[in-house]
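Have a look at query-v1.pdb below; it lists PDB, C-alpha atoms.
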ATOM      1  CA  MET A1082       0.000   0.000   0.000
ATOM      2  CA  THR A1083       1.293   3.455  -0.818
ATOM      3  CA  THR A1084       0.351   6.492   1.185
ATOM      4  CA  ARG A1085      -0.405   9.139  -1.365
ATOM      5  CA  ALA A1086      -3.148  11.356  -2.734
ATOM      6  CA  THR A1087      -4.082  12.694  -6.119
ATOM      7  CA  LEU A1088      -4.342  16.407  -6.781
ATOM      8  CA  THR A1089      -6.687  17.616  -9.506
ATOM      9  CA  LEU A1090      -7.961  20.946 -10.796
ATOM     10  CA  GLU A1091     -11.633  20.428 -10.100
ATOM     11  CA  GLY A1092     -13.437  23.619  -9.110
ATOM     12  CA  PHE A1093     -11.163  26.013 -10.975
ATOM     13  CA  ASP A1094     -13.202  26.131 -14.168
ATOM     14  CA  SER A1095     -13.911  29.865 -14.049
ATOM     15  CA  TYR A1096     -10.240  30.779 -13.678
ATOM     16  CA  LEU A1097      -9.206  28.456 -16.456
ATOM     17  CA  GLU A1098     -11.947  29.725 -18.750
ATOM     18  CA  GLU A1099     -10.858  33.329 -18.166
ATOM     19  CA  LEU A1100      -7.232  32.408 -18.851
ATOM     20  CA  ARG A1101      -8.239  30.577 -22.007
ATOM     21  CA  ARG A1102     -10.064  33.707 -23.213
ATOM     22  CA  ASP A1103      -6.849  35.659 -22.553
ATOM     23  CA  GLY A1104      -5.088  33.302 -24.943
ATOM     24  CA  GLU A1105      -2.944  31.579 -22.323
ATOM     25  CA  ASP A1106      -1.688  28.039 -22.720
ATOM     26  CA  ILE A1107      -4.136  26.421 -20.318
ATOM     27  CA  ASP A1108      -2.135  23.242 -19.989
ATOM     28  CA  LEU A1109       0.904  25.200 -18.859
ATOM     29  CA  VAL A1110      -1.172  27.283 -16.450
ATOM     30  CA  ALA A1111      -2.793  24.185 -14.996
ATOM     31  CA  GLU A1112       0.591  22.583 -14.439
ATOM     32  CA  ASP A1113       1.868  25.706 -12.718
ATOM     33  CA  GLY A1114      -1.152  25.786 -10.404
ATOM     34  CA  LEU A1115      -0.945  22.096  -9.577
ATOM     35  CA  GLU A1116       2.737  22.362  -8.731
ATOM     36  CA  ALA A1117       1.977  25.209  -6.314
ATOM     37  CA  GLY A1118      -0.836  23.259  -4.627
ATOM     38  CA  ALA A1119       1.261  20.123  -4.396
ATOM     39  CA  ASP A1120       4.107  22.055  -2.748
ATOM     40  CA  VAL A1121       1.742  23.111   0.048
ATOM     41  CA  PHE A1122       0.743  19.494   0.736
ATOM     42  CA  VAL A1123       4.303  18.215   0.553
ATOM     43  CA  GLY A1124       5.335  20.859   3.102
ATOM     44  CA  GLY A1125       2.365  20.046   5.355
ATOM     45  CA  MET A1126       3.035  16.311   5.254
ATOM     46  CA  LYS A1127       6.726  16.764   5.960
ATOM     47  CA  ARG A1128       5.951  19.061   8.869
ATOM     48  CA  ARG A1129       3.702  16.397  10.411
ATOM     49  CA  ALA A1130       5.838  13.349   9.597
ATOM     50  CA  PRO A1131       7.167  11.681  12.748
ATOM     51  CA  PHE A1132      10.830  11.410  11.718
ATOM     52  CA  GLU A1133      13.364  12.100   9.017
ATOM     53  CA  ARG A1134      13.289   8.699   7.342
ATOM     54  CA  ILE A1135       9.663   9.280   6.393
ATOM     55  CA  ARG A1136      10.083  13.000   5.831
ATOM     56  CA  ARG A1137      12.646  12.531   3.098
ATOM     57  CA  ARG A1138      10.352  10.130   1.216
ATOM     58  CA  ILE A1139       7.482  12.600   0.968
ATOM     59  CA  ARG A1140       7.416  14.294  -2.403
ATOM     60  CA  LYS A1141       5.304  15.101  -5.419
ATOM     61  CA  SER A1142       5.331  13.038  -8.577
ATOM     62  CA  ALA A1143       6.163  14.240 -12.040
ATOM     63  CA  MET A1144       3.237  15.903 -13.800
ATOM     64  CA  GLY A1145       0.767  13.375 -15.163
ATOM     65  CA  ARG A1146      -0.744  14.128 -18.559
ATOM     66  CA  ASP A1147      -3.764  12.439 -20.080
ATOM     67  CA  GLY A1148      -5.016  14.528 -22.995
ATOM     68  CA  HIS A1149      -5.804  17.910 -21.411
ATOM     69  CA  LYS A1150      -6.063  16.371 -17.968
ATOM     70  CA  ARG A1151      -3.221  17.188 -15.567
ATOM     71  CA  TYR A1152      -2.615  15.482 -12.238
ATOM     72  CA  LEU A1153      -0.001  14.945  -9.573
ATOM     73  CA  TYR A1154       0.504  12.500  -6.752
ATOM     74  CA  VAL A1155       1.752  13.718  -3.392
ATOM     75  CA  GLY A1156       2.923  11.718  -0.394
ATOM     76  CA  VAL A1157       5.000   8.557  -0.175
ATOM     77  CA  LEU A1158       4.932   7.419  -3.770
ATOM     78  CA  ARG A1159       4.822   4.036  -5.421
ATOM     79  CA  ASP A1160       8.508   3.891  -6.302
ATOM     80  CA  THR A1161       9.660   4.448  -2.706
ATOM     81  CA  PRO A1162      12.015   1.693  -1.439
ATOM     82  CA  ALA A1163       9.853  -1.058   0.040
ATOM     83  CA  GLU A1164      11.051  -0.861   3.633
ATOM     84  CA  ASP A1165      10.673   2.918   3.804
ATOM     85  CA  ALA A1166       7.226   2.680   2.209
ATOM     86  CA  ARG A1167       6.179   0.050   4.750
ATOM     87  CA  ILE A1168       7.384   2.161   7.674
ATOM     88  CA  ALA A1169       5.657   5.251   6.275
ATOM     89  CA  ASN A1170       2.475   3.248   5.870
ATOM     90  CA  VAL A1171       2.544   1.892   9.414
ATOM     91  CA  TRP A1172       3.005   5.363  10.890
ATOM     92  CA  GLU A1173       0.091   6.726   8.863
ATOM     93  CA  PHE A1174      -2.359   3.891   9.479
ATOM     94  CA  GLY A1175      -0.998   1.943  12.458
ATOM     95  CA  GLY A1176      -0.817  -1.796  12.386
ATOM     96  CA  ARG A1177       1.889  -4.331  12.737
ATOM     97  CA  THR A1178       3.491  -5.350  15.990
ATOM     98  CA  SER A1179       7.041  -5.418  14.673
ATOM     99  CA  PRO A1180       8.465  -2.748  12.380
ATOM    100  CA  SER A1181      11.340  -4.901  11.135
ATOM    101  CA  PRO A1182      10.809  -8.444   9.886
ATOM    102  CA  LYS A1183      14.500  -8.473   8.965
ATOM    103  CA  ASN A1184      15.501  -9.266  12.517
ATOM    104  CA  PRO A1185      13.538 -12.391  13.442
ATOM    105  CA  ARG A1186      15.350 -12.844  16.759
ATOM    106  CA  ARG A1187      14.036  -9.596  18.116
ATOM    107  CA  LYS A1188      10.943  -9.881  20.266
ATOM    108  CA  PRO A1189       7.958  -8.358  18.437
ATOM    109  CA  ARG A1190       7.214  -4.861  19.593
ATOM    110  CA  PRO A1191       3.688  -4.136  20.727
ATOM    111  CA  GLY A1192       1.313  -2.473  18.290
ATOM    112  CA  ILE A1193       2.646   0.735  16.874
ATOM    113  CA  ARG A1194       0.652   3.799  17.657
ATOM    114  CA  ALA A1195      -0.119   5.563  14.389
ATOM    115  CA  ARG A1196       0.861   9.157  13.926
ATOM    116  CA  PRO A1197      -0.908  10.231  10.744
ATOM    117  CA  TYR A1198       0.751  12.886   8.621
ATOM    118  CA  ILE A1199      -0.862  12.400   5.179
ATOM    119  CA  ARG A1200      -4.557  12.647   6.004
ATOM    120  CA  PRO A1201      -4.266  15.611   8.397
ATOM    121  CA  SER A1202      -2.377  17.548   5.735
ATOM    122  CA  LEU A1203      -4.973  16.775   3.076
ATOM    123  CA  ARG A1204      -7.716  18.036   5.375
ATOM    124  CA  GLN A1205      -6.003  20.957   7.049
ATOM    125  CA  ASP A1206      -3.870  22.293   4.209
ATOM    126  CA  ALA A1207      -6.505  22.086   1.478
ATOM    127  CA  ARG A1208      -7.511  25.733   1.798
ATOM    128  CA  ARG A1209      -3.890  26.900   1.670
ATOM    129  CA  ALA A1210      -3.219  24.659  -1.322
ATOM    130  CA  ARG A1211      -6.229  26.065  -3.093
ATOM    131  CA  ALA A1212      -5.127  29.612  -2.286
ATOM    132  CA  ALA A1213      -1.645  28.862  -3.658
ATOM    133  CA  MET A1214      -3.214  27.595  -6.868
ATOM    134  CA  GLU A1215      -5.475  30.638  -7.131
ATOM    135  CA  ASP A1216      -2.442  32.889  -6.631
ATOM    136  CA  LYS A1217      -0.722  31.184  -9.529
ATOM    137  CA  PHE A1218      -3.771  31.611 -11.754
ATOM    138  CA  GLN A1219      -4.032  35.236 -10.736
ATOM    139  CA  ASP A1220      -0.352  35.748 -11.597
ATOM    140  CA  TRP A1221      -1.095  34.450 -15.081
ATOM    141  CA  LEU A1222      -4.125  36.723 -15.400
ATOM    142  CA  ASN A1223      -2.040  39.726 -14.325
ATOM    143  CA  LYS A1224       0.693  39.083 -16.903
TER
ATOM    144  CA  MET B1015     -19.903  18.401  29.783
ATOM    145  CA  SER B1016     -20.136  16.651  26.438
ATOM    146  CA  PRO B1017     -18.297  13.348  26.013
ATOM    147  CA  THR B1018     -14.885  13.344  24.347
ATOM    148  CA  ILE B1019     -14.366  11.739  20.965
ATOM    149  CA  TRP B1020     -12.666   8.764  22.628
ATOM    150  CA  GLU B1021     -15.640   8.230  24.916
ATOM    151  CA  LEU B1022     -17.964   8.415  21.916
ATOM    152  CA  ILE B1023     -15.965   5.792  20.012
ATOM    153  CA  ASN B1024     -15.747   3.548  23.031
ATOM    154  CA  THR B1025     -19.479   3.802  23.612
ATOM    155  CA  ALA B1026     -20.215   3.048  19.952
ATOM    156  CA  LEU B1027     -17.945  -0.010  19.818
ATOM    157  CA  THR B1028     -18.669  -1.532  23.239
ATOM    158  CA  PRO B1029     -21.796  -3.419  22.060
ATOM    159  CA  LEU B1030     -19.573  -5.458  19.714
ATOM    160  CA  GLY B1031     -17.941  -7.108  22.741
ATOM    161  CA  VAL B1032     -14.479  -7.069  21.152
ATOM    162  CA  PRO B1033     -11.352  -6.156  23.161
ATOM    163  CA  MET B1034     -10.207  -2.688  22.147
ATOM    164  CA  ALA B1035      -7.622  -0.087  22.978
ATOM    165  CA  GLU B1036      -6.854   3.530  22.296
ATOM    166  CA  GLY B1037      -3.805   4.109  20.093
ATOM    167  CA  SER B1038      -2.255   0.658  20.294
ATOM    168  CA  TYR B1039      -3.218  -2.653  21.823
ATOM    169  CA  ILE B1040      -0.578  -3.839  24.269
ATOM    170  CA  PRO B1041      -1.242  -7.201  25.897
ATOM    171  CA  GLY B1042      -0.276  -7.661  29.536
ATOM    172  CA  ASP B1043       2.892  -9.498  30.564
ATOM    173  CA  ASN B1044       2.825 -13.117  29.385
ATOM    174  CA  GLU B1045      -0.419 -12.481  27.528
ATOM    175  CA  ALA B1046      -0.820 -13.072  23.801
ATOM    176  CA  TYR B1047      -2.737 -10.844  21.430
ATOM    177  CA  PRO B1048      -6.417 -11.824  21.301
ATOM    178  CA  ASP B1049      -7.620 -13.485  18.101
ATOM    179  CA  LEU B1050      -9.798 -10.446  17.505
ATOM    180  CA  TYR B1051      -9.208  -6.923  18.750
ATOM    181  CA  MET B1052      -9.678  -3.299  17.752
ATOM    182  CA  VAL B1053      -7.625  -0.125  17.981
ATOM    183  CA  TYR B1054      -8.937   3.382  17.546
ATOM    184  CA  PHE B1055      -7.308   6.791  17.381
ATOM    185  CA  MET B1056      -7.866  10.308  16.152
ATOM    186  CA  VAL B1057      -6.446  11.128  12.739
ATOM    187  CA  SER B1058      -7.327  14.776  12.442
ATOM    188  CA  LEU B1059      -9.328  17.431  14.235
ATOM    189  CA  ASP B1060     -10.588  20.170  11.953
ATOM    190  CA  PRO B1061     -12.487  23.331  12.860
ATOM    191  CA  GLU B1062     -15.409  23.678  10.445
ATOM    192  CA  LEU B1063     -17.361  26.777  11.389
ATOM    193  CA  PHE B1064     -16.728  29.971  13.313
ATOM    194  CA  ALA B1065     -19.118  32.659  14.525
ATOM    195  CA  ASP B1066     -18.137  35.805  16.432
ATOM    196  CA  ASP B1067     -14.539  34.575  16.528
ATOM    197  CA  GLN B1068     -15.630  31.403  18.249
ATOM    198  CA  GLU B1069     -15.334  27.881  16.889
ATOM    199  CA  ILE B1070     -18.846  26.455  16.807
ATOM    200  CA  GLU B1071     -18.429  23.293  14.744
ATOM    201  CA  ARG B1072     -15.586  20.867  14.251
ATOM    202  CA  THR B1073     -15.067  17.584  12.478
ATOM    203  CA  GLU B1074     -13.061  14.801  14.016
ATOM    204  CA  LEU B1075     -11.658  12.138  11.724
ATOM    205  CA  VAL B1076     -11.002   8.901  13.575
ATOM    206  CA  GLN B1077      -9.721   5.516  12.503
ATOM    207  CA  VAL B1078     -10.917   2.181  13.856
ATOM    208  CA  SER B1079      -8.718  -0.785  12.945
ATOM    209  CA  ILE B1080      -9.871  -4.331  13.520
ATOM    210  CA  TYR B1081      -7.372  -7.173  13.729
ATOM    211  CA  LYS B1082      -8.305 -10.815  13.256
ATOM    212  CA  ARG B1083      -6.016 -13.790  13.356
ATOM    213  CA  ASP B1084      -5.709 -15.889  10.187
ATOM    214  CA  SER B1085      -8.623 -14.380   8.247
ATOM    215  CA  LEU B1086     -10.804 -11.334   7.816
ATOM    216  CA  ILE B1087     -13.871 -13.474   7.251
ATOM    217  CA  GLY B1088     -16.538 -13.075   9.913
ATOM    218  CA  LEU B1089     -15.690  -9.612  11.193
ATOM    219  CA  PRO B1090     -18.181  -7.870  13.483
ATOM    220  CA  ASP B1091     -20.095  -4.940  12.024
ATOM    221  CA  VAL B1092     -17.791  -2.085  13.001
ATOM    222  CA  ILE B1093     -19.289   0.285  10.440
ATOM    223  CA  GLY B1094     -22.830  -0.373  11.659
ATOM    224  CA  ALA B1095     -21.829   0.128  15.294
ATOM    225  CA  MET B1096     -20.066   3.401  14.570
ATOM    226  CA  LYS B1097     -22.958   4.691  12.459
ATOM    227  CA  ALA B1098     -25.339   3.850  15.290
ATOM    228  CA  GLY B1099     -23.032   5.900  17.521
ATOM    229  CA  GLY B1100     -23.425   8.988  15.350
ATOM    230  CA  PHE B1101     -20.353   8.656  13.136
ATOM    231  CA  THR B1102     -20.235   8.864   9.342
ATOM    232  CA  PHE B1103     -18.248   6.218   7.513
ATOM    233  CA  SER B1104     -15.731   7.789   5.151
ATOM    234  CA  GLY B1105     -13.575   4.965   3.829
ATOM    235  CA  GLY B1106     -11.456   1.964   4.632
ATOM    236  CA  ARG B1107      -8.429  -0.040   3.613
ATOM    237  CA  GLU B1108      -6.722  -3.285   4.419
ATOM    238  CA  LEU B1109      -3.552  -2.976   6.506
ATOM    239  CA  ASP B1110      -0.387  -5.045   6.262
ATOM    240  CA  TYR B1111      -0.580  -8.658   7.414
ATOM    241  CA  ASP B1112       1.434  -9.191  10.571
ATOM    242  CA  PRO B1113       3.472 -12.400  10.228
ATOM    243  CA  ASP B1114       4.552 -12.248  13.878
ATOM    244  CA  THR B1115       1.045 -12.578  15.248
ATOM    245  CA  ARG B1116      -0.735 -13.825  12.080
ATOM    246  CA  HIS B1117      -3.254 -11.010  12.309
ATOM    247  CA  HIS B1118      -4.926  -9.574   9.260
ATOM    248  CA  ALA B1119      -6.281  -6.076   9.663
ATOM    249  CA  ILE B1120      -8.658  -3.607   8.128
ATOM    250  CA  ALA B1121      -8.935   0.075   8.999
ATOM    251  CA  PHE B1122     -12.044   2.205   8.729
ATOM    252  CA  ASP B1123     -12.219   6.012   8.805
ATOM    253  CA  PHE B1124     -15.159   7.797  10.393
ATOM    254  CA  GLU B1125     -16.064  11.438  10.763
ATOM    255  CA  TYR B1126     -17.897  13.008  13.653
ATOM    256  CA  LEU B1127     -19.351  16.481  13.385
ATOM    257  CA  GLU B1128     -19.394  18.116  16.769
ATOM    258  CA  ASN B1129     -21.424  21.185  17.690
ATOM    259  CA  LEU B1130     -19.497  23.086  20.336
TER
END

Please render this file's structure as structure tokens.
Amino acid sequence: MTTRATLTLEGFDSYLEELRRDGEDIDLVAEDGLEAGADVFVGGMKRRAPFERIRRRIRKSAMGRDGHKRYLYVGVLRDTPAEDARIANVWEFGGRTSPSPKNPRRKPRPGIRARPYIRPSLRQDARRARAAMEDKFQDWLNK
Amino acid sequence: MSPTIWELINTALTPLGVPMAEGSYIPGDNEAYPDLYMVYFMVSLDPELFADDQEIERTELVQVSIYKRDSLIGLPDVIGAMKAGGFTFSGGRELDYDPDTRHHAIAFDFEYLENL
């Protein structure tokens, strides 16, 4: 399981329509806005992550393109090394008794108390991410 | 004084008769993990509405994980119990299998809208 979220441009139709009327390259504008929103979530997740090993695995993906659709993934992404991804997952969702199956002689630790960092960011940073995207769109409109 | 979110979860889940713990389930000395147990914790607490500079509504996102040895078949109705307790189900996912204890696990998210 990966711990990530998808960022889309839903709800920004009026901005994008106005920019299109101004003759801007909407795809480029959309990418700029998404990058700005994703940066807010990446920062929020890193701020909440319990320790550095997880923090350094939190990032945004390369821009996804499907026709005119643009999207990004943020969080601990699919290509993260397996052990780091597993640790990141356990801290977000809780779960296993032992964080390291590589040392079978060690007595299993009791259940790990989760300390979510992905979901709180998605909920609490959404307004700031949206504002960052709106700022980007406004910058394009002001050009 | 209104009950805390942890009291509300505990009250909602108690009718299921399954051992449960807040945060993490830690068996006593020389005790094994039960075949079936639950863990609950708060994921996020989000102010929703303000009036006159006062917070008047907030949403609490909580997770309830249920662990069952060897199989997830025959789980008690966690979603039904939480809904009966006033929570809204908002999603779920299977957690990693634990080879040390042979527990499978599934986690459910619930939201609770609190009027302050």

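Under the PyMOL selection byres ((chain B) within 9 of (chain A)), the matching residues in the shown file are Glu1036, Gly1037, Ser1038, Tyr1039, Ile1040, Pro1041, Val1053, Phe1055, Met1056, Val1057, Ser1058, Leu1059, Asp1060, Leu1075, Gln1077, Ser1079, Tyr1081, Glu1108, Leu1109, Asp1110, Tyr1111, Asp1112, Pro1113, Asp1114, Thr1115, His1117, Ala1119 and Ala1121 of chain B.
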
* Excluding same-chain residues fewer than 2 positions from Gly1118 of chain A, what lies within 9 Å of it counting all atoms listed in the file, as a count of residues only? -> 16

With 8 Å on each side, where is the centre of the axis-aligned box around all listed atoms of segment 1101-1116 of chain B, and how long are its edges in Å to one decimal, as AutoDock Vina command-line options?
--center_x -7.9 --center_y -2.5 --center_z 9.4 --size_x 40.9 --size_y 38.7 --size_z 27.6

* Pick from A:Ile1168, A:Arg1134, A:Leu1222, A:Lys1141 nearest to Ala1117 of chain A, counting all atoms listed in the file ->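 That would be A:Lys1141, the residue with the smallest distance to Ala1117 of chain A.
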
* **Matched chain/residue IDs from the PyMOL selection byres ((chain A and resi 1142) around 12), as a list in words** => Arg1085, Ala1086, Thr1087, Leu1088, Leu1115, Glu1116, Ala1119, Asp1120, Val1123, Arg1138, Ile1139, Arg1140, Lys1141, Ala1143, Met1144, Gly1145, Arg1146, Arg1151, Tyr1152, Leu1153, Tyr1154, Val1155, Gly1156, Val1157, Leu1158, Arg1159, Asp1160 and Thr1161 of chain A

* Asked: What is the distance between atom CA of Pro1090 of chain B and atom CA of Pro1033 of chain B, in Å to one decimal?
  ->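 For atom CA of Pro1090 of chain B relative to atom CA of Pro1033 of chain B, the distance reads 12.0 Å.
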
Check which residues satisfy the PyMOL selection byres ((chain B and resi 1104) around 9) in the file shown, then give them as a short mmCIF file (atom, residue, chain, number, x, y, z; two decimals) with C-alpha atoms, in the coordinates of the input.
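File produced: part-v4.cif:
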data_model
loop_
_atom_site.label_atom_id
_atom_site.label_comp_id
_atom_site.auth_asym_id
_atom_site.auth_seq_id
_atom_site.Cartn_x
_atom_site.Cartn_y
_atom_site.Cartn_z
CA LEU B 1075 -11.66 12.14 11.72
CA THR B 1102 -20.24 8.86 9.34
CA PHE B 1103 -18.25 6.22 7.51
CA GLY B 1105 -13.58 4.96 3.83
CA GLY B 1106 -11.46 1.96 4.63
CA PHE B 1122 -12.04 2.20 8.73
CA ASP B 1123 -12.22 6.01 8.80
CA PHE B 1124 -15.16 7.80 10.39
CA GLU B 1125 -16.06 11.44 10.76
#

* Asked: Expressed in Å to a single decimal, how great is the separation between atom CA of Ile1107 of chain A and atom CA of Asp1206 of chain A?
  -> 24.9 Å

* atom CA of Lys1127 of chain A to atom CA of Glu1074 of chain B: how many Å, to one decimal? ->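 We find that atom CA of Lys1127 of chain A and atom CA of Glu1074 of chain B lie 21.5 Å from each other.
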
* Asked: Of the residues B:Leu1127, B:Ile1070, B:Ala1095, B:Val1076, which is the one nearest to Leu1030 of chain B, using all atoms listed in the file?
  -> B:Ala1095

* **Within 8 Å of Glu1062 of chain B using all atoms listed in the file, minus same-chain residues under 5 positions, as JSON, numbers by chain** => {"B": [1069, 1070, 1071, 1072, 1073]}
